[in-house]
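**Student:** Before I ask anything, here is the structure I am working with.
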Amino acid sequence: MPVTYDPAIIALSVVIAIQGGYVSLMLARRLASLGLGPDGWATAGRRKALLAASALALGIGIWAMHFIGMLAVKLPVAMNYDLLWTLVSALVCILVVGLGVFVASFGRLTPKRLAGAGLLMGAGIAMMHYVGMSALRANCIVSYSPALVAASFAVAVAASGLALWLAFSPTHKPHLMAGAACMGLAISGMHYTGMAAATFLPAEDLVAISAPVLSLDLLAIVVAVTAFVICGLFLLVLLPNGLDSKAEQREEETPKQKLTLVSSNEGREEEAMSPESAAASVRIPVNRNGTTRLLTPQEIYAVHADAHYTYVFDGQETHFCNLSISEIESRLDPQTFLRVHRSHIVNVAHAAALKRVRDQGLLELDSAERHQVPVSRSRLPKLRAALGI
């Protein structure tokens, strides 16, 4: 039976897959960053919410890509989709992909962890495709080439592993968009390899369809709404990321620029107040259980950025702060507080141990609760110099 495809709809399906992959990997990256403190810098509820959102974004992206891809298929017979199996395909995908996100996000991405996460994600993509294909209701018989079916699984697993490595690898600067592109290629590559494995043969007898079905027109509406939701999530996730990058550019001033700024204001600062009185006046407002506290610098052990807000650790508890990490850094003494990561500031007076993890570091603080802070490769020498090691 002849099969043709609409190139424009194929291109749309690939774009939707990449957007779904971007949203999912961005949420997974945030989830991974929450696991760096004694309480993960957040409640267990937030961990679960981020994990669920990441799995849902990728699962829906895979589901939407598949059915947009199926809308591109032109067969000489009418096609419908069994409603129950269409929903089951989405559920299976979200659950299996969620396991993959969990494996990739919790802990360092070792080769063994990467292989497990890539296998789970690839399996989730492939399972969604073939369960979705079983929902097809048309007067034709679908047969598959075992070799191409195996190839479709291999494409999904390999591209998923590459996407996770690009997004989370500890050995190089993560490339989220490159990871999202690879994830989109994993989803669409698996789908179209799986479609190449399928052969549609005309049925000898017409079969009456009795189960509830989705017509192509209704499926197109459902998928269009889903695609708009994915696009909206993509833009919402991308917007704060773009603002963060601008803030990071401002934060990464050269030492010369900082020195010039300090020199120009030095006279006015000395006239206004002495260093002792200036230090005594510094307070960082934090919120916990509906109460606003004003922490002195001596009470602060570490600061962790989360988007435009921060969490401040006082040695026992973690408090929410509505100031950005740049605003907090500007209020603290640079001789005592050191920016060891784009998202972390530590009070070096509370440093207890420094571990080397490949080309990066992990700083342990002398707090009552065990607390560790990641140190980026570029800032590790400065921290070692501040600690005198």
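Chain identifiers are assigned as A, B, and so on, following the order in which chains appear in the structure tokens; residues are numbered from 1 within each chain, and ligands are numbered from 1 in order of appearance.
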Do you know which residues are at most 12 Å from range 2-12 of chain A counting only C-alpha atoms, after dropping those on the same chain fewer than 3 positions away, and could you put them as a ChimeraX atom specification?

**Tutor:** /A:15-19,61,64-77,140,184-185,188-189,191-192,195-196,198-202,220,223-224,227-228,231

**Student:** What's the 9 Å shell around His350 in chain A, counting only C-alpha atoms, without same-chain residues fewer than 5 positions away, as a list in words?

**Tutor:**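 Neighbouring residues, sequence-local ones excluded: Tyr301, Glu364, Leu365, Asp366 and Ser367 of chain A.
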
**Student:** Need the shell around Asp314 in chain A: protein/DNA/RNA residues with any atom at most 8 Å away, counting only C-alpha atoms. Skip same-chain ones fewer than 6 positions apart. Format as a PyMOL selection string?

**Tutor:** chain A and resi 299-302

**Student:** Could you name the residues that touch range 322-324 of chain A at 9 Å or less, counting only C-alpha atoms, but leaving out those on the same chain fewer than 6 positions away, as a ChimeraX atom specification?

**Tutor:** /A:284-287,305-311

**Student:** Filtering to C-alpha atoms, could you give me those residues as a PDB file, in the first residue's frame?

**Tutor:**
ATOM      1  CA  ILE A 284      20.100  40.011  54.528  1.00  0.00           C
ATOM      2  CA  PRO A 285      16.281  39.663  54.672  1.00  0.00           C
ATOM      3  CA  VAL A 286      15.071  36.058  54.537  1.00  0.00           C
ATOM      4  CA  ASN A 287      11.666  34.425  54.899  1.00  0.00           C
ATOM      5  CA  ALA A 305      20.713  30.941  43.534  1.00  0.00           C
ATOM      6  CA  ASP A 306      17.528  29.534  42.038  1.00  0.00           C
ATOM      7  CA  ALA A 307      16.442  31.560  38.983  1.00  0.00           C
ATOM      8  CA  HIS A 308      15.900  35.151  40.244  1.00  0.00           C
ATOM      9  CA  TYR A 309      15.690  34.202  43.916  1.00  0.00           C
ATOM     10  CA  THR A 310      18.063  32.682  46.449  1.00  0.00           C
ATOM     11  CA  TYR A 311      18.229  30.336  49.421  1.00  0.00           C
TER      12      TYR A 311
END

**Student:** Please indicate the distance in Å from CA of Lys48 in chain A to CA of Ala117 in chain A, rounded to one decimal place.

**Tutor:**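 Straight-line distance from CA of Lys48 in chain A to CA of Ala117 in chain A works out to 17.7 Å.
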